[in-house]
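Asker: What follows is work-v4.cif; its format and atoms are mmCIF, C-alpha atoms.
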data_coords
loop_
_atom_site.label_atom_id
_atom_site.label_comp_id
_atom_site.auth_asym_id
_atom_site.auth_seq_id
_atom_site.Cartn_x
_atom_site.Cartn_y
_atom_site.Cartn_z
CA MET A 983 124.31 25.71 158.20
CA GLY A 984 123.74 26.66 154.56
CA PRO A 985 126.95 28.70 154.21
CA LEU A 986 125.82 30.66 151.15
CA ALA A 987 122.65 31.71 152.95
CA SER A 988 124.72 32.68 156.00
CA ALA A 989 127.06 34.82 153.89
CA GLN A 990 124.11 36.39 152.10
CA PHE A 991 122.60 37.22 155.50
CA MET A 992 125.77 39.15 156.41
CA LEU A 993 125.70 40.94 153.05
CA ARG A 994 122.06 41.95 153.41
CA LEU A 995 122.53 42.92 157.09
CA THR A 996 125.18 45.34 155.85
CA LEU A 997 123.34 46.66 152.80
CA LEU A 998 120.10 47.21 154.73
CA THR A 999 121.91 49.37 157.33
CA PRO A 1000 121.74 53.16 156.99
CA ALA A 1001 125.47 53.88 157.08
CA THR A 1002 127.95 56.34 155.64
CA ARG A 1003 131.18 54.74 156.98
CA ASP A 1004 132.43 51.51 158.54
CA GLN A 1005 131.82 52.68 162.08
CA ASP A 1006 128.06 53.20 161.44
CA HIS A 1007 127.58 49.47 160.83
CA LEU A 1008 126.48 46.77 163.28
CA PRO A 1009 129.26 44.66 164.82
CA ALA A 1010 128.40 41.02 164.15
CA VAL A 1011 129.91 37.58 164.49
CA LEU A 1012 128.91 34.87 162.02
CA TRP A 1013 129.27 31.28 163.20
CA SER A 1014 129.09 29.40 159.90
CA ASP A 1015 129.21 25.70 160.64
CA PRO A 1016 128.13 23.69 157.61
CA ARG A 1017 128.89 20.47 159.52
CA VAL A 1018 125.63 20.81 161.49
CA PRO A 1019 123.74 17.59 160.71
CA ASP A 1020 121.02 17.99 158.09
CA ARG A 1021 117.92 19.35 159.85
CA THR A 1022 115.36 17.78 157.53
CA ALA A 1023 117.04 14.36 157.75
CA ALA A 1024 117.06 14.64 161.55
CA ARG A 1025 113.34 15.37 161.68
CA LEU A 1026 112.04 13.09 158.96
CA ALA A 1027 114.53 10.25 158.65
CA GLY A 1028 116.01 9.65 162.09
CA GLY A 1029 119.26 11.48 161.25
CA GLU A 1030 121.70 12.83 163.83
CA ASP A 1031 120.29 15.42 166.23
CA PRO A 1032 121.56 18.90 165.26
CA LEU A 1033 120.74 20.51 168.62
CA PRO A 1034 124.17 19.95 170.26
CA TRP A 1035 125.78 21.62 167.21
CA LEU A 1036 123.29 24.47 167.26
CA ALA A 1037 123.80 25.01 170.99
CA ARG A 1038 127.59 25.00 170.52
CA GLY A 1039 127.25 27.80 167.95
CA ILE A 1040 125.03 29.80 170.28
CA LEU A 1041 127.46 29.45 173.17
CA GLY A 1042 130.30 30.47 170.83
CA LEU A 1043 128.41 33.61 169.84
CA GLU A 1044 127.64 34.35 173.48
CA ALA A 1045 131.34 33.98 174.34
CA ALA A 1046 132.19 36.37 171.50
CA GLY A 1047 130.13 39.06 173.25
CA CYS A 1048 127.02 39.07 171.06
CA GLY A 1049 123.84 40.67 172.43
CA ALA A 1050 121.28 38.75 170.38
CA ILE A 1051 121.17 35.70 168.14
CA ALA A 1052 119.74 35.47 164.61
CA ILE A 1053 119.74 32.11 162.85
CA PRO A 1054 119.45 32.41 159.05
CA CYS A 1055 118.21 28.83 158.65
CA ASN A 1056 114.47 28.21 158.80
CA THR A 1057 114.59 24.46 159.45
CA ALA A 1058 116.86 25.01 162.48
CA HIS A 1059 113.92 26.82 164.07
CA GLY A 1060 112.42 23.39 164.66
CA TRP A 1061 114.88 23.36 167.58
CA TYR A 1062 114.05 26.94 168.62
CA GLU A 1063 113.01 26.07 172.17
CA GLY A 1064 116.21 24.09 172.74
CA MET A 1065 118.33 26.93 171.36
CA ALA A 1066 116.50 29.61 173.34
CA THR A 1067 116.95 27.71 176.60
CA ALA A 1068 120.69 27.27 175.88
CA THR A 1069 121.29 31.03 176.26
CA ASN A 1070 120.12 34.08 178.14
CA LEU A 1071 120.40 36.16 174.97
CA PRO A 1072 117.30 36.97 172.94
CA VAL A 1073 116.97 34.63 169.94
CA LEU A 1074 115.10 36.31 167.07
CA HIS A 1075 112.53 33.99 165.43
CA ILE A 1076 112.66 33.88 161.64
CA VAL A 1077 108.93 33.13 161.27
CA ASP A 1078 108.03 36.19 163.33
CA ALA A 1079 110.43 38.20 161.16
CA ALA A 1080 108.67 36.89 158.03
CA ALA A 1081 105.27 37.78 159.51
CA GLU A 1082 106.47 41.32 160.24
CA GLU A 1083 107.65 41.55 156.64
CA LEU A 1084 104.24 40.39 155.34
CA ALA A 1085 102.58 43.12 157.38
CA ARG A 1086 105.14 45.72 156.26
CA GLN A 1087 104.41 44.79 152.63
CA GLY A 1088 100.70 45.46 153.19
CA ILE A 1089 99.49 41.87 153.53
CA PRO A 1090 97.83 41.74 156.97
CA ASN A 1091 95.93 38.48 156.42
CA GLY A 1092 94.73 36.06 153.72
CA ARG A 1093 96.13 33.01 151.98
CA ILE A 1094 99.92 32.78 152.06
CA GLY A 1095 102.04 30.26 150.16
CA VAL A 1096 104.97 28.84 152.11
CA MET A 1097 107.97 27.21 150.46
CA GLY A 1098 110.55 25.51 152.66
CA THR A 1099 112.38 22.29 153.30
CA ALA A 1100 110.36 19.13 153.82
CA GLY A 1101 111.43 19.37 157.47
CA THR A 1102 110.18 22.94 157.91
CA LEU A 1103 106.80 22.14 156.34
CA ALA A 1104 106.38 18.86 158.26
CA MET A 1105 107.17 20.61 161.55
CA ARG A 1106 104.49 23.21 160.61
CA LEU A 1107 106.86 26.03 161.69
CA TYR A 1108 105.09 28.54 159.44
CA GLN A 1109 101.60 27.13 159.57
CA GLU A 1110 101.32 27.41 163.35
CA ARG A 1111 102.83 30.87 163.78
CA LEU A 1112 101.20 32.43 160.71
CA GLU A 1113 97.79 30.90 161.39
CA GLY A 1114 98.05 32.37 164.91
CA ARG A 1115 98.33 35.78 163.22
CA GLY A 1116 95.29 35.33 160.99
CA TYR A 1117 96.89 33.97 157.81
CA ALA A 1118 95.91 30.72 156.05
CA CYS A 1119 98.91 28.77 154.75
CA ILE A 1120 99.16 26.69 151.61
CA VAL A 1121 102.25 24.65 150.78
CA PRO A 1122 103.56 22.71 147.76
CA ASP A 1123 102.23 19.18 147.51
CA GLU A 1124 104.42 16.13 147.89
CA ALA A 1125 105.12 15.81 144.17
CA GLU A 1126 106.10 19.50 143.92
CA MET A 1127 108.38 19.13 146.94
CA ALA A 1128 110.10 16.11 145.39
CA SER A 1129 110.47 17.51 141.88
CA LEU A 1130 110.81 21.27 142.43
CA VAL A 1131 111.44 22.64 145.92
CA SER A 1132 113.82 20.07 147.43
CA PRO A 1133 115.96 19.86 144.26
CA GLY A 1134 116.05 23.67 144.05
CA ILE A 1135 117.32 23.94 147.63
CA ALA A 1136 119.94 21.24 147.03
CA LEU A 1137 121.22 23.07 143.93
CA VAL A 1138 121.85 26.23 145.98
CA LYS A 1139 123.71 24.22 148.64
CA ALA A 1140 125.88 22.88 145.78
CA ASN A 1141 126.59 26.46 144.57
CA ARG A 1142 124.49 25.86 141.40
CA VAL A 1143 122.38 28.93 142.05
CA ALA A 1144 121.25 29.76 138.50
CA GLU A 1145 119.99 26.21 137.93
CA ALA A 1146 117.86 26.51 141.06
CA TYR A 1147 115.68 29.26 139.60
CA PRO A 1148 113.41 27.32 137.22
CA PRO A 1149 112.15 24.71 139.70
CA LEU A 1150 111.78 27.19 142.57
CA ALA A 1151 109.96 29.71 140.37
CA GLU A 1152 107.61 27.00 139.11
CA ALA A 1153 106.71 26.03 142.67
CA ALA A 1154 106.00 29.69 143.53
CA ARG A 1155 103.83 30.11 140.41
CA ASN A 1156 101.86 27.00 141.37
CA LEU A 1157 101.12 28.51 144.79
CA ARG A 1158 99.96 31.72 143.12
CA ALA A 1159 97.64 29.67 140.88
CA ARG A 1160 96.16 28.13 144.05
CA GLY A 1161 95.28 31.58 145.38
CA ALA A 1162 98.30 32.67 147.41
CA ALA A 1163 98.47 36.46 147.91
CA ALA A 1164 102.20 36.17 148.65
CA VAL A 1165 104.78 33.41 148.98
CA VAL A 1166 107.14 33.18 151.92
CA LEU A 1167 110.53 31.83 150.81
CA GLY A 1168 110.80 29.90 154.07
CA CYS A 1169 114.20 28.33 153.51
CA THR A 1170 117.13 30.72 153.26
CA GLU A 1171 118.51 28.93 150.20
CA ILE A 1172 115.32 29.72 148.25
CA PRO A 1173 115.79 33.51 147.89
CA LEU A 1174 119.28 32.88 146.48
CA GLY A 1175 117.84 30.66 143.75
CA ILE A 1176 114.86 32.94 143.11
CA GLN A 1177 117.08 36.02 142.76
CA ALA A 1178 119.17 34.22 140.15
CA GLY A 1179 116.32 34.54 137.64
CA PRO A 1180 113.62 36.98 136.44
CA HIS A 1181 111.60 36.66 139.65
CA ALA A 1182 109.44 39.73 139.06
CA GLU A 1183 107.69 37.62 136.42
CA ILE A 1184 106.35 35.30 139.14
CA GLY A 1185 103.88 38.10 139.74
CA LEU A 1186 103.23 38.23 143.49
CA PRO A 1187 105.09 39.40 146.61
CA LEU A 1188 107.87 37.03 147.63
CA ILE A 1189 108.99 37.27 151.26
CA ASP A 1190 112.76 36.84 151.49
CA THR A 1191 113.40 35.35 154.93
CA ILE A 1192 117.09 36.38 154.80
CA ASP A 1193 116.07 40.02 154.43
CA ALA A 1194 113.24 39.66 156.93
CA LEU A 1195 115.64 38.32 159.58
CA ALA A 1196 118.28 40.96 158.79
CA LEU A 1197 115.65 43.69 159.17
CA ALA A 1198 114.55 42.18 162.50
CA ALA A 1199 118.18 42.21 163.67
CA LEU A 1200 118.58 45.86 162.65
CA ARG A 1201 115.39 46.77 164.51
CA TRP A 1202 116.76 44.93 167.57
CA SER A 1203 120.08 46.81 167.37
CA GLY A 1204 118.40 50.19 166.87
CA HIS A 1205 119.93 50.68 163.40
CA LEU A 1206 116.35 50.75 162.07
CA PRO A 1207 113.23 52.01 163.90
CA ALA A 1208 111.31 49.32 165.79
CA MET B 1486 136.32 46.16 159.30
CA GLY B 1487 134.65 47.00 155.99
CA PRO B 1488 131.54 44.88 156.70
CA LEU B 1489 130.46 44.57 153.07
CA ALA B 1490 133.91 43.30 152.10
CA SER B 1491 133.81 40.86 155.04
CA ALA B 1492 130.43 39.52 153.95
CA GLN B 1493 131.60 39.28 150.35
CA PHE B 1494 134.62 37.30 151.56
CA MET B 1495 132.29 34.75 153.18
CA LEU B 1496 130.19 34.58 150.00
CA ARG B 1497 133.23 34.02 147.78
CA LEU B 1498 134.78 31.54 150.24
CA THR B 1499 131.58 29.52 149.83
CA LEU B 1500 131.19 29.89 146.06
CA LEU B 1501 134.84 29.02 145.39
CA THR B 1502 134.53 25.74 147.33
CA PRO B 1503 133.94 22.54 145.38
CA ALA B 1504 130.86 21.32 147.25
CA THR B 1505 127.69 19.39 146.59
CA ARG B 1506 126.02 19.80 150.01
CA ASP B 1507 126.33 21.86 153.20
CA GLN B 1508 128.65 19.40 154.88
CA ASP B 1509 131.30 19.73 152.10
CA HIS B 1510 131.86 23.40 152.97
CA LEU B 1511 134.51 24.93 155.24
CA PRO B 1512 133.43 25.77 158.79
CA ALA B 1513 134.25 29.44 159.37
CA VAL B 1514 133.68 32.16 161.91
CA LEU B 1515 133.50 35.78 160.74
CA TRP B 1516 134.36 38.44 163.31
CA SER B 1517 132.91 41.53 161.65
CA ASP B 1518 133.74 44.53 163.81
CA PRO B 1519 133.20 47.75 161.89
CA ARG B 1520 134.09 49.72 165.04
CA VAL B 1521 137.81 49.04 164.47
CA PRO B 1522 139.37 52.51 164.22
CA ASP B 1523 140.06 53.65 160.65
CA ARG B 1524 143.37 52.13 159.58
CA THR B 1525 144.38 54.86 157.16
CA ALA B 1526 143.61 57.61 159.69
CA ALA B 1527 145.71 55.74 162.27
CA ARG B 1528 148.71 55.55 159.97
CA LEU B 1529 148.53 58.92 158.27
CA ALA B 1530 146.72 61.25 160.64
CA GLY B 1531 147.54 60.13 164.18
CA GLY B 1532 144.16 58.39 164.64
CA GLU B 1533 143.44 55.75 167.29
CA ASP B 1534 145.60 52.61 167.11
CA PRO B 1535 143.53 49.73 165.66
CA LEU B 1536 145.87 46.98 166.90
CA PRO B 1537 144.07 46.31 170.23
CA TRP B 1538 140.81 45.89 168.27
CA LEU B 1539 142.46 43.65 165.70
CA ALA B 1540 144.07 41.52 168.41
CA ARG B 1541 140.72 41.21 170.19
CA GLY B 1542 139.17 39.82 167.01
CA ILE B 1543 142.00 37.37 166.55
CA LEU B 1544 141.69 36.12 170.13
CA GLY B 1545 137.93 35.81 169.64
CA LEU B 1546 138.48 33.67 166.55
CA GLU B 1547 141.06 31.58 168.38
CA ALA B 1548 138.58 31.04 171.25
CA ALA B 1549 135.96 29.97 168.68
CA GLY B 1550 138.23 27.11 167.63
CA CYS B 1551 139.55 28.45 164.32
CA GLY B 1552 142.68 26.89 162.83
CA ALA B 1553 143.89 29.83 160.75
CA ILE B 1554 143.13 33.52 160.39
CA ALA B 1555 142.34 35.41 157.17
CA ILE B 1556 141.80 39.18 157.34
CA PRO B 1557 139.87 40.55 154.34
CA CYS B 1558 141.16 44.10 154.87
CA ASN B 1559 144.37 45.11 153.14
CA THR B 1560 145.16 48.17 155.26
CA ALA B 1561 144.94 46.09 158.45
CA HIS B 1562 147.98 44.20 157.15
CA GLY B 1563 150.03 47.24 158.19
CA TRP B 1564 149.66 45.68 161.65
CA TYR B 1565 150.43 42.16 160.41
CA GLU B 1566 153.39 41.57 162.72
CA GLY B 1567 151.39 42.67 165.75
CA MET B 1568 148.49 40.42 164.77
CA ALA B 1569 150.72 37.43 164.01
CA THR B 1570 152.46 37.69 167.38
CA ALA B 1571 149.06 37.88 169.17
CA THR B 1572 148.26 34.27 168.17
CA ASN B 1573 149.86 30.90 167.57
CA LEU B 1574 147.56 30.33 164.60
CA PRO B 1575 148.81 30.89 161.06
CA VAL B 1576 147.72 34.30 159.74
CA LEU B 1577 147.39 34.28 155.94
CA HIS B 1578 148.87 37.40 154.32
CA ILE B 1579 146.65 39.09 151.74
CA VAL B 1580 149.59 40.43 149.70
CA ASP B 1581 151.05 36.94 149.36
CA ALA B 1582 147.59 35.73 148.32
CA ALA B 1583 147.45 38.48 145.67
CA ALA B 1584 150.93 37.52 144.42
CA GLU B 1585 149.86 33.88 144.12
CA GLU B 1586 146.84 35.03 142.12
CA LEU B 1587 149.03 37.09 139.77
CA ALA B 1588 151.17 34.00 139.13
CA ARG B 1589 148.07 31.81 138.70
CA GLN B 1590 146.76 34.26 136.10
CA GLY B 1591 150.01 33.95 134.12
CA ILE B 1592 151.68 37.19 135.20
CA PRO B 1593 155.01 36.08 136.74
CA ASN B 1594 156.70 39.51 136.66
CA GLY B 1595 156.46 42.97 135.09
CA ARG B 1596 154.78 46.26 135.93
CA ILE B 1597 151.77 45.90 138.22
CA GLY B 1598 149.32 48.65 139.13
CA VAL B 1599 148.23 48.70 142.77
CA MET B 1600 145.10 50.43 143.99
CA GLY B 1601 144.47 50.66 147.71
CA THR B 1602 143.78 53.03 150.56
CA ALA B 1603 146.17 55.91 151.12
CA GLY B 1604 147.33 54.03 154.22
CA THR B 1605 148.11 50.80 152.32
CA LEU B 1606 150.07 52.66 149.65
CA ALA B 1607 151.95 54.84 152.15
CA MET B 1608 152.93 51.77 154.20
CA ARG B 1609 154.22 50.21 150.93
CA LEU B 1610 152.49 46.91 151.83
CA TYR B 1611 152.30 45.85 148.18
CA GLN B 1612 155.43 47.56 146.90
CA GLU B 1613 157.76 45.73 149.29
CA ARG B 1614 156.28 42.25 148.99
CA LEU B 1615 155.65 42.38 145.23
CA GLU B 1616 159.04 43.93 144.44
CA GLY B 1617 160.61 41.11 146.46
CA ARG B 1618 158.95 38.71 143.98
CA GLY B 1619 160.24 40.51 140.88
CA TYR B 1620 157.33 42.83 140.08
CA ALA B 1621 157.56 46.61 139.66
CA CYS B 1622 154.66 48.49 141.26
CA ILE B 1623 152.99 51.65 140.06
CA VAL B 1624 150.29 53.39 142.06
CA PRO B 1625 147.79 56.22 141.49
CA ASP B 1626 149.23 59.69 142.05
CA GLU B 1627 148.07 61.94 144.86
CA ALA B 1628 145.46 63.70 142.73
CA GLU B 1629 144.01 60.37 141.55
CA MET B 1630 143.91 59.10 145.12
CA ALA B 1631 142.05 62.22 146.28
CA SER B 1632 139.57 62.40 143.40
CA LEU B 1633 139.08 58.75 142.39
CA VAL B 1634 140.35 55.97 144.66
CA SER B 1635 139.60 57.29 148.16
CA PRO B 1636 136.11 58.52 147.20
CA GLY B 1637 135.39 55.18 145.49
CA ILE B 1638 136.34 53.25 148.63
CA ALA B 1639 134.25 55.57 150.82
CA LEU B 1640 131.20 55.06 148.57
CA VAL B 1641 131.40 51.27 149.04
CA LYS B 1642 131.66 51.68 152.81
CA ALA B 1643 128.48 53.78 152.59
CA ASN B 1644 126.71 50.98 150.61
CA ARG B 1645 126.73 53.18 147.44
CA VAL B 1646 128.39 50.44 145.41
CA ALA B 1647 127.19 51.36 141.90
CA GLU B 1648 128.38 54.95 142.29
CA ALA B 1649 131.84 53.67 143.19
CA TYR B 1650 132.40 52.13 139.77
CA PRO B 1651 133.19 55.18 137.61
CA PRO B 1652 135.98 56.66 139.78
CA LEU B 1653 137.54 53.26 140.54
CA ALA B 1654 137.44 52.19 136.89
CA GLU B 1655 139.02 55.48 135.82
CA ALA B 1656 141.89 54.97 138.26
CA ALA B 1657 142.44 51.44 136.91
CA ARG B 1658 142.38 52.66 133.30
CA ASN B 1659 144.96 55.32 134.17
CA LEU B 1660 147.29 52.63 135.55
CA ARG B 1661 146.83 50.62 132.37
CA ALA B 1662 147.74 53.72 130.33
CA ARG B 1663 150.95 53.97 132.37
CA GLY B 1664 151.94 50.44 131.37
CA ALA B 1665 150.49 48.19 134.06
CA ALA B 1666 150.09 44.57 132.91
CA ALA B 1667 147.52 43.98 135.66
CA VAL B 1668 145.97 45.94 138.51
CA VAL B 1669 145.76 44.60 142.04
CA LEU B 1670 142.56 45.79 143.72
CA GLY B 1671 144.45 46.12 146.99
CA CYS B 1672 141.59 47.28 149.18
CA THR B 1673 138.73 44.83 149.65
CA GLU B 1674 136.13 47.54 149.02
CA ILE B 1675 137.50 48.10 145.50
CA PRO B 1676 136.39 44.79 143.90
CA LEU B 1677 132.85 45.47 145.14
CA GLY B 1678 132.81 48.81 143.33
CA ILE B 1679 134.55 47.45 140.24
CA GLN B 1680 132.12 44.53 139.94
CA ALA B 1681 129.19 46.96 140.02
CA GLY B 1682 130.07 48.12 136.49
CA PRO B 1683 131.24 46.80 133.09
CA HIS B 1684 134.73 46.02 134.38
CA ALA B 1685 135.73 43.82 131.43
CA GLU B 1686 135.95 47.08 129.47
CA ILE B 1687 138.90 48.18 131.61
CA GLY B 1688 140.87 45.79 129.47
CA LEU B 1689 143.48 44.16 131.70
CA PRO B 1690 143.56 41.54 134.47
CA LEU B 1691 142.20 42.84 137.77
CA ILE B 1692 143.32 40.95 140.87
CA ASP B 1693 140.43 40.72 143.34
CA THR B 1694 142.06 40.50 146.78
CA ILE B 1695 138.85 39.13 148.32
CA ASP B 1696 138.94 36.16 145.95
CA ALA B 1697 142.72 35.81 146.29
CA LEU B 1698 142.45 35.56 150.07
CA ALA B 1699 139.49 33.17 149.89
CA LEU B 1700 141.46 30.91 147.53
CA ALA B 1701 144.45 31.02 149.90
CA ALA B 1702 142.14 29.99 152.77
CA LEU B 1703 140.72 27.10 150.73
CA ARG B 1704 144.25 25.93 149.87
CA TRP B 1705 145.12 26.12 153.58
CA SER B 1706 142.05 24.05 154.52
CA GLY B 1707 142.64 21.48 151.78
CA HIS B 1708 139.38 22.28 149.98
CA LEU B 1709 141.55 23.27 146.99
CA PRO B 1710 144.93 21.81 146.00
CA ALA B 1711 147.93 23.68 147.40
#
In structure tokens, write the structure found in this file.
Answerer:
Amino acid sequence: MGPLASAQFMLRLTLLTPATRDQDHLPAVLWSDPRVPDRTAARLAGGEDPLPWLARGILGLEAAGCGAIAIPCNTAHGWYEGMATATNLPVLHIVDAAAEELARQGIPNGRIGVMGTAGTLAMRLYQERLEGRGYACIVPDEAEMASLVSPGIALVKANRVAEAYPPLAEAARNLRARGAAAVVLGCTEIPLGIQAGPHAEIGLPLIDTIDALALAALRWSGHLPA
Amino acid sequence: MGPLASAQFMLRLTLLTPATRDQDHLPAVLWSDPRVPDRTAARLAGGEDPLPWLARGILGLEAAGCGAIAIPCNTAHGWYEGMATATNLPVLHIVDAAAEELARQGIPNGRIGVMGTAGTLAMRLYQERLEGRGYACIVPDEAEMASLVSPGIALVKANRVAEAYPPLAEAARNLRARGAAAVVLGCTEIPLGIQAGPHAEIGLPLIDTIDALALAALRWSGHLPA
């Protein structure tokens, strides 16, 4: 899907592994298919259904001998049930991975800001799973989505990573001003844009869903303790 | 093989693509199998033959529907003939990609420094192909390999990228002092270590074989002009 986010997932999966030589690392196959129809357009604007493309990737990974599936695209999790029923392999859920990361960072409950694509927020992927765990979610409003978050995501997809920082950081700061104790970067393009600037200045914990999913994969594989 | 180099290849393949949205990018499958037996140990110390593992990866990529194979590991090219005969797909050659990058950077001939694993240098992968194109190759001596290049590569494989810079940069500076007009970073771990420090200070063109191979792949796919 977002190929830069997919590549970054592989990089972080590697760097987060305790390893002293090649053979200590996790074998992995990345199926990077940027032709998958736009997930937000499919959900909000009657665009082409991505599920057949997603299922094809999952079957390709299964044929390659993989033991579990991780999908470093948040919006694609709107088709989680369809993907999970397409395979007998476990499919890690990126929202559960983000929730585990919130807990690991010492934030067991409270008000959480969620940034994501318009599709992810409209499908309430984070709201439902995080509220089930005792968090309250706040999200950017429609004007912030149109002027800050969606343009920031599109800039990363166009390889214009540094330009994505200012709008994405402004959206995160706005969520902090509304009382968020942390902000989940719930679209895997967002951490790439956020890391391209002085993100420590935003002044609250930012949950990188690429790292969260990589850590979940390494717990699954036994490279990190469960 | 080196999983950090493989991930970096995917990142650079993406960033080097002229694209304004996901669907402009190249579909790609990465078969990252760090269990492949050490290539240098196989060639120099009677270690396990990596070719069956390499061929398995190639057949996996063929089954996934790929149209060409790129292998972001220089030492693995010691088994190039075996890999090329295992498939009907074109297999891009990383040394040819490096030579094209030398030409593109305005270095059509002359003395070229080559850094790589002990296996790559002993197999003369660069020396034979570059000398056939009119270059003269110089390489680190045995003491420099043992104290600078091999430890630098091992540090990258252990995720200790920043620590890899000083020894790798020193080896490159030594090649410059011996008259190299450019240095080919002929092991895909080396650019990762070199980029972790102030590499412009080394003071001569450094050919990144990850980028060179990614550019060759994008020329193959038509995303860049041939």
Asker: For atom CA of B:Ala1530 and atom CA of B:Ile1579, determine how far apart the two atoms are, in Å to one decimal place.
Answerer: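 A separation of 23.9 Å between them.
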Asker: Quick one, how far is atom CA of A:Ala1058 from atom CA of A:Ala1045?
Answerer: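 If I compute the distance from atom CA of A:Ala1058 to atom CA of A:Ala1045, I get 20.8 Å.
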Asker: So, counting all atoms listed in the file, which residue among A:Val1096, A:Leu1157, A:Gln1087, A:Asn1141 is closest to chain B?
Answerer: A:Asn1141
Asker: Which distance in Å separates atom CA of B:Val1668 and atom CA of B:Arg1497, to one decimal?
Answerer: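 Result for atom CA of B:Val1668 versus atom CA of B:Arg1497: 19.8 Å, one decimal.
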Asker: Given the file shown, determine the residues that the PyMOL selection byres ((chain A and resi 1201) around 12) selects; report them as a list in words.
Answerer: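 That selection, the PyMOL selection byres ((chain A and resi 1201) around 12), comes back as Leu995, Leu998, Thr999, Pro1000, Leu1008, Ala1050, Leu1074, Ala1079, Glu1082, Ala1194, Leu1195, Ala1196, Leu1197, Ala1198, Ala1199, Leu1200, Trp1202, Ser1203, Gly1204, His1205, Leu1206, Pro1207 and Ala1208 of chain A.
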Asker: On this structure, the PyMOL selection byres ((chain B and resi 1625) around 8) would catch which residues? List them as a short mmCIF file (atom, residue, chain, number, x, y, z; two decimals) with C-alpha atoms, in the frame of the given file, sorted by chain and number.
Answerer:
data_model
loop_
_atom_site.label_atom_id
_atom_site.label_comp_id
_atom_site.auth_asym_id
_atom_site.auth_seq_id
_atom_site.Cartn_x
_atom_site.Cartn_y
_atom_site.Cartn_z
CA VAL B 1599 148.23 48.70 142.77
CA MET B 1600 145.10 50.43 143.99
CA ILE B 1623 152.99 51.65 140.06
CA VAL B 1624 150.29 53.39 142.06
CA ASP B 1626 149.23 59.69 142.05
CA GLU B 1627 148.07 61.94 144.86
CA ALA B 1628 145.46 63.70 142.73
CA GLU B 1629 144.01 60.37 141.55
CA MET B 1630 143.91 59.10 145.12
CA ALA B 1656 141.89 54.97 138.26
CA ASN B 1659 144.96 55.32 134.17
CA LEU B 1660 147.29 52.63 135.55
#
Asker: Between B:Gly1671, B:Gly1601, B:Pro1593, B:Pro1636, which is the closest to chain A once you count all atoms listed in the file?
Answerer: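 Smallest distance to chain A is found for B:Pro1636.
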Asker: Counting all atoms listed in the file, collect the residues of chain A whose closest atom lies at most 8 Å from chain B, and write them out as a count of residues only.
Answerer: 36
Asker: Name all residues at most 10 Å from B:Ile1687 (count all atoms listed in the file; drop same-chain ones fewer than 5 positions away) and give them as a ChimeraX atom specification.
Answerer: /B:1654-1659,1661,1679
Asker: Based on the selection just made, write C-alpha atoms of those residues as a compact mmCIF listing (two decimals), in the coordinates of the input.
Answerer:
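Once everything was written out, this is part-v3.txt:
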# COMPACT_ATOMS: atom_id res chain seq x y z
CA ALA B 1654 137.44 52.19 136.89
CA GLU B 1655 139.02 55.48 135.82
CA ALA B 1656 141.89 54.97 138.26
CA ALA B 1657 142.44 51.44 136.91
CA ARG B 1658 142.38 52.66 133.30
CA ASN B 1659 144.96 55.32 134.17
CA ARG B 1661 146.83 50.62 132.37
CA ILE B 1679 134.55 47.45 140.24
Asker: Using all atoms listed in the file, what table do you get, as JSON lines, when you list each residue of stretch 1487-1540 of chain B with an atom no more than 10 Å from stretch 1606-1615 of chain B, its nearest pair of atoms, and their distance in Å rounded to one decimal, rows by chain then rising number?
Answerer:
{"residue": "B:Thr1525", "atom": "CA", "partner": "B:Ala1607", "partner_atom": "CA", "distance": 9.1}
{"residue": "B:Arg1528", "atom": "CA", "partner": "B:Met1608", "partner_atom": "CA", "distance": 8.1}
{"residue": "B:Leu1529", "atom": "CA", "partner": "B:Ala1607", "partner_atom": "CA", "distance": 8.1}
Asker: Just give me the residues with any atom within 10 Å of (151.3, 38.4, 142.6), file coordinates, counting all atoms listed in the file, written as a tab-separated table (two decimals) with C-alpha atoms, keeping the file's coordinate frame.
Answerer:
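Result written to part.tsv:
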chain	number	residue	atom	x	y	z
B	1580	VAL	CA	149.59	40.43	149.70
B	1581	ASP	CA	151.05	36.94	149.36
B	1582	ALA	CA	147.59	35.73	148.32
B	1583	ALA	CA	147.45	38.48	145.67
B	1584	ALA	CA	150.93	37.52	144.42
B	1585	GLU	CA	149.86	33.88	144.12
B	1586	GLU	CA	146.84	35.03	142.12
B	1587	LEU	CA	149.03	37.09	139.77
B	1588	ALA	CA	151.17	34.00	139.13
B	1589	ARG	CA	148.07	31.81	138.70
B	1590	GLN	CA	146.76	34.26	136.10
B	1591	GLY	CA	150.01	33.95	134.12
B	1592	ILE	CA	151.68	37.19	135.20
B	1593	PRO	CA	155.01	36.08	136.74
B	1594	ASN	CA	156.70	39.51	136.66
B	1597	ILE	CA	151.77	45.90	138.22
B	1611	TYR	CA	152.30	45.85	148.18
B	1614	ARG	CA	156.28	42.25	148.99
B	1615	LEU	CA	155.65	42.38	145.23
B	1616	GLU	CA	159.04	43.93	144.44
B	1618	ARG	CA	158.95	38.71	143.98
B	1619	GLY	CA	160.24	40.51	140.88
B	1620	TYR	CA	157.33	42.83	140.08
B	1667	ALA	CA	147.52	43.98	135.66
B	1669	VAL	CA	145.76	44.60	142.04
B	1692	ILE	CA	143.32	40.95	140.87
B	1697	ALA	CA	142.72	35.81	146.29
Asker: If we count all atoms listed in the file, what is near A:Leu1150 at a cut-off of 8 Å, once residues fewer than 3 positions away on the same chain are taken out, given as a list of chain:residue names?
Answerer: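 My list of contacting residues is A:Leu1130, A:Val1131, A:Gly1134, A:Ala1146, A:Tyr1147, A:Ala1153, A:Ala1154, A:Ile1172, A:Gly1175, A:Ile1176.
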